[in-house]
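**Student:** Structure in structure tokens, see below.
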Amino acid sequence: MKALYNSDLQYQPLADRNTGKNCGFYNAVKLQQSTVAYTGEITLSCPAMVALAIWERHELQPLAQKIFGQKVKQVRHFGTYACRNINNVGNGRRSQHATANAIDIAGFVLTDGTDISIQHDWQSDSDKSRFLHALKDSACEYFSTVLGPDYNSLHHDHFHMDMGFFEICK
Ligand SMILES: [Zn+2]
């Protein structure tokens, strides 16, 4: 938790929660303020929140500045915490989302309103695509597992980023 005290983001500590078999979180926080707005609630374990905050400042914003000459004002995401298995398979292994250790990012909005979508822009020959590829590679420096459209079709529209045991960057 110490790493968060010195950064400029604001967050609220959450009470530990056990919501079912291998579900819930310990030492998690809810994001209140950062360098960008997020489309929905961000509840993450401390390690995942630290990774997100550092990635946002040291990769996301500098890359947007370098490629588009402006900042990212909003990050669209599909969620962080959810008590579920990997890919929602009934008898599968618990997802890192079940312990608030993961986020699914879908796209970005720049200061001038330009929308960058993983679903629509990943495969194009454009600055948007170059931005997304560089971002995904950069996320692997901070998160243990990062999965995007090149991993499988379930990830055609988002980057899954988590702080689990497995180091995968695809
Ligand atoms: Zn995910």
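We label chains A, B, ... in the order they appear in the structure tokens, count residues from 1 in each chain, and number ligands from 1 in the order shown.
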Would you list the residues that come within 7 Å of ligand 1? Count only C-alpha atoms and all ligand atoms and give the answer as a PyMOL selection string.
**Tutor:** chain A and resi 97+102-104+160-161
**Student:** Set the distance at 7 Å and use only C-alpha atoms: which residues neighbour region 51-55 of chain A once local chain neighbours fewer than 3 positions away are removed? I'd like the list as a list in words.
**Tutor:** Pro47, Ala48, His58, Glu59, Leu60, Ala139, Tyr142 and Phe143 of chain A
**Student:** I need the residues in chain A that are helix (DSSP H, G or I) according to DSSP; give them as an NGL selection string.
**Tutor:** :A and (2-5 or 46-68 or 86-88 or 96-99 or 118-121 or 127-139 or 153-155)
**Student:** Taking the DSSP assignment computed from this structure's backbone, write out as number ranges by chain all residues of chain A that belong to strand (DSSP E or B).
**Tutor:** A: 10-13, 17-20, 23-25, 28-33, 37-38, 43-45, 72-79, 85, 94, 102-110, 115-117, 145-147, 159-162, 168-169
**Student:** Can you write out the residues you just picked, keeping N, CA and C atoms, as a compact mmCIF listing (two decimals), in the first residue's frame?
**Tutor:**
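Saved result, result-v4.txt, follows:
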# COMPACT_ATOMS: atom_id res chain seq x y z
N GLN A 10 -5.94 9.52 -6.17
CA GLN A 10 -6.75 9.43 -4.96
C GLN A 10 -7.58 8.17 -5.01
N TYR A 11 -7.62 7.49 -3.91
CA TYR A 11 -8.33 6.23 -3.85
C TYR A 11 -8.89 6.04 -2.44
N GLN A 12 -9.81 5.11 -2.37
CA GLN A 12 -10.44 4.82 -1.09
C GLN A 12 -10.15 3.37 -0.73
N PRO A 13 -9.59 3.10 0.45
CA PRO A 13 -9.36 1.71 0.85
C PRO A 13 -10.70 1.01 1.03
N ARG A 17 -13.11 -8.43 1.63
CA ARG A 17 -14.40 -9.03 1.30
C ARG A 17 -14.22 -10.45 0.80
N ASN A 18 -15.03 -11.36 1.30
CA ASN A 18 -15.03 -12.73 0.79
C ASN A 18 -16.42 -12.97 0.23
N THR A 19 -16.51 -13.17 -1.10
CA THR A 19 -17.83 -13.24 -1.72
C THR A 19 -18.13 -14.63 -2.30
N GLY A 20 -17.38 -15.63 -1.87
CA GLY A 20 -17.62 -16.97 -2.38
C GLY A 20 -16.31 -17.72 -2.52
N CYS A 23 -13.26 -16.10 -4.18
CA CYS A 23 -13.72 -14.81 -4.68
C CYS A 23 -13.65 -13.78 -3.56
N GLY A 24 -13.37 -12.56 -3.96
CA GLY A 24 -13.30 -11.48 -2.99
C GLY A 24 -11.93 -10.83 -3.04
N PHE A 25 -11.68 -9.91 -2.12
CA PHE A 25 -10.38 -9.24 -2.17
C PHE A 25 -9.89 -8.86 -0.79
N ALA A 28 -7.69 -4.15 -1.03
CA ALA A 28 -8.04 -3.55 -2.32
C ALA A 28 -8.45 -2.09 -2.14
N VAL A 29 -8.42 -1.35 -3.24
CA VAL A 29 -8.80 0.05 -3.19
C VAL A 29 -9.73 0.39 -4.34
N LYS A 30 -10.49 1.47 -4.15
CA LYS A 30 -11.39 1.97 -5.20
C LYS A 30 -10.82 3.30 -5.68
N LEU A 31 -10.62 3.41 -6.98
CA LEU A 31 -10.02 4.63 -7.55
C LEU A 31 -11.00 5.79 -7.52
N GLN A 32 -10.51 6.96 -7.09
CA GLN A 32 -11.37 8.14 -7.07
C GLN A 32 -10.89 9.20 -8.06
N GLN A 33 -9.59 9.29 -8.25
CA GLN A 33 -9.05 10.34 -9.11
C GLN A 33 -7.70 9.90 -9.67
N ALA A 37 -9.99 9.85 -16.76
CA ALA A 37 -11.26 9.36 -16.23
C ALA A 37 -11.44 7.92 -16.71
N TYR A 38 -12.04 7.10 -15.90
CA TYR A 38 -12.38 5.74 -16.31
C TYR A 38 -13.90 5.65 -16.44
N THR A 43 -12.08 -1.04 -9.02
CA THR A 43 -11.76 -1.66 -7.75
C THR A 43 -10.65 -2.67 -8.02
N LEU A 44 -9.49 -2.44 -7.43
CA LEU A 44 -8.35 -3.31 -7.71
C LEU A 44 -7.56 -3.63 -6.45
N SER A 45 -6.89 -4.77 -6.50
CA SER A 45 -5.92 -5.12 -5.45
C SER A 45 -4.83 -4.06 -5.49
N VAL A 72 -4.56 11.44 -23.16
CA VAL A 72 -5.76 10.61 -23.07
C VAL A 72 -6.62 11.20 -21.95
N LYS A 73 -7.91 11.42 -22.23
CA LYS A 73 -8.77 11.95 -21.17
C LYS A 73 -9.67 10.88 -20.57
N GLN A 74 -9.89 9.81 -21.33
CA GLN A 74 -10.76 8.76 -20.78
C GLN A 74 -10.30 7.36 -21.21
N VAL A 75 -10.40 6.43 -20.29
CA VAL A 75 -10.12 5.02 -20.58
C VAL A 75 -11.44 4.27 -20.48
N ARG A 76 -11.80 3.58 -21.58
CA ARG A 76 -13.02 2.75 -21.53
C ARG A 76 -12.62 1.35 -21.09
N HIS A 77 -13.36 0.81 -20.13
CA HIS A 77 -13.03 -0.54 -19.70
C HIS A 77 -14.27 -1.36 -19.45
N PHE A 78 -14.09 -2.70 -19.42
CA PHE A 78 -15.21 -3.63 -19.24
C PHE A 78 -15.32 -4.10 -17.80
N GLY A 79 -14.42 -3.63 -16.93
CA GLY A 79 -14.56 -4.03 -15.54
C GLY A 79 -13.26 -4.53 -14.93
N ASN A 85 -15.14 -17.30 -13.30
CA ASN A 85 -14.02 -18.13 -13.78
C ASN A 85 -13.44 -17.53 -15.06
N ARG A 94 -10.60 -20.05 -11.48
CA ARG A 94 -11.03 -18.70 -11.15
C ARG A 94 -10.19 -17.68 -11.94
N ALA A 102 -7.34 -7.80 -11.79
CA ALA A 102 -7.29 -7.66 -13.24
C ALA A 102 -8.22 -6.55 -13.75
N ILE A 103 -7.86 -6.02 -14.93
CA ILE A 103 -8.73 -5.03 -15.58
C ILE A 103 -8.79 -5.37 -17.07
N ASP A 104 -9.96 -5.13 -17.69
CA ASP A 104 -10.14 -5.32 -19.12
C ASP A 104 -10.32 -3.95 -19.76
N ILE A 105 -9.34 -3.53 -20.54
CA ILE A 105 -9.39 -2.20 -21.15
C ILE A 105 -9.83 -2.30 -22.61
N ALA A 106 -10.82 -1.49 -22.99
CA ALA A 106 -11.42 -1.58 -24.32
C ALA A 106 -11.01 -0.47 -25.27
N GLY A 107 -10.65 0.69 -24.73
CA GLY A 107 -10.29 1.79 -25.63
C GLY A 107 -10.01 3.08 -24.89
N PHE A 108 -9.76 4.11 -25.69
CA PHE A 108 -9.31 5.38 -25.12
C PHE A 108 -9.95 6.55 -25.87
N VAL A 109 -10.13 7.65 -25.16
CA VAL A 109 -10.59 8.88 -25.80
C VAL A 109 -9.55 9.96 -25.53
N LEU A 110 -9.09 10.61 -26.61
CA LEU A 110 -8.09 11.66 -26.47
C LEU A 110 -8.76 12.99 -26.10
N ASP A 115 -11.61 8.86 -30.70
CA ASP A 115 -11.85 7.58 -30.03
C ASP A 115 -10.91 6.51 -30.61
N ILE A 116 -10.26 5.78 -29.74
CA ILE A 116 -9.37 4.70 -30.16
C ILE A 116 -9.88 3.42 -29.55
N SER A 117 -10.25 2.48 -30.42
CA SER A 117 -10.90 1.26 -29.95
C SER A 117 -10.07 0.03 -30.31
N THR A 145 0.40 -10.66 -16.55
CA THR A 145 -0.24 -11.21 -17.74
C THR A 145 -0.94 -10.10 -18.51
N VAL A 146 -0.67 -10.03 -19.81
CA VAL A 146 -1.36 -9.09 -20.69
C VAL A 146 -1.79 -9.86 -21.93
N LEU A 147 -3.10 -9.89 -22.18
CA LEU A 147 -3.64 -10.61 -23.33
C LEU A 147 -4.45 -9.66 -24.20
N PHE A 159 -7.86 -5.46 -23.88
CA PHE A 159 -6.63 -5.97 -23.27
C PHE A 159 -6.99 -6.44 -21.88
N HIS A 160 -6.67 -7.70 -21.59
CA HIS A 160 -6.81 -8.19 -20.22
C HIS A 160 -5.44 -8.00 -19.56
N MET A 161 -5.40 -7.32 -18.43
CA MET A 161 -4.14 -7.06 -17.74
C MET A 161 -4.29 -7.47 -16.28
N ASP A 162 -3.44 -8.40 -15.81
CA ASP A 162 -3.58 -8.82 -14.42
C ASP A 162 -2.24 -9.01 -13.72
N ILE A 168 2.63 -13.78 -18.94
CA ILE A 168 2.27 -14.00 -20.34
C ILE A 168 2.07 -12.64 -20.99
N CYS A 169 2.58 -12.49 -22.21
CA CYS A 169 2.45 -11.23 -22.93
C CYS A 169 2.11 -11.56 -24.36
**Student:** Between CA of Ala82 (chain A) and CA of Leu132 (chain A), measure the distance and give it in Å to one decimal.
**Tutor:**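 Between these atoms lies a distance of 25.1 Å.
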**Student:** Counting only C-alpha atoms, figure out which residue out of A:Gln65, A:Thr114, A:Lys170, A:Tyr81 gets nearest to Ala98 (chain A).
**Tutor:**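 That would be A:Tyr81, the residue with the smallest distance to Ala98 (chain A).
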**Student:** Point out the residue among A:Met49, A:Met163, A:Trp122, A:Asn152 with the least atom-to-atom distance to Gln96 (chain A), counting only C-alpha atoms.
**Tutor:**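 Closest candidate: A:Met163.
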**Student:** Restricting the calculation to only C-alpha atoms, which member of A:Thr111, A:Lys21, A:Arg93, A:Thr99 is positioned closest to Thr35 (chain A)?
**Tutor:** A:Thr111
**Student:** I need the residue nearest Leu14 (chain A) from this list: A:His158, A:Tyr26, A:Pro62, A:Gly69. Use only C-alpha atoms for the distance.
**Tutor:** A:Tyr26
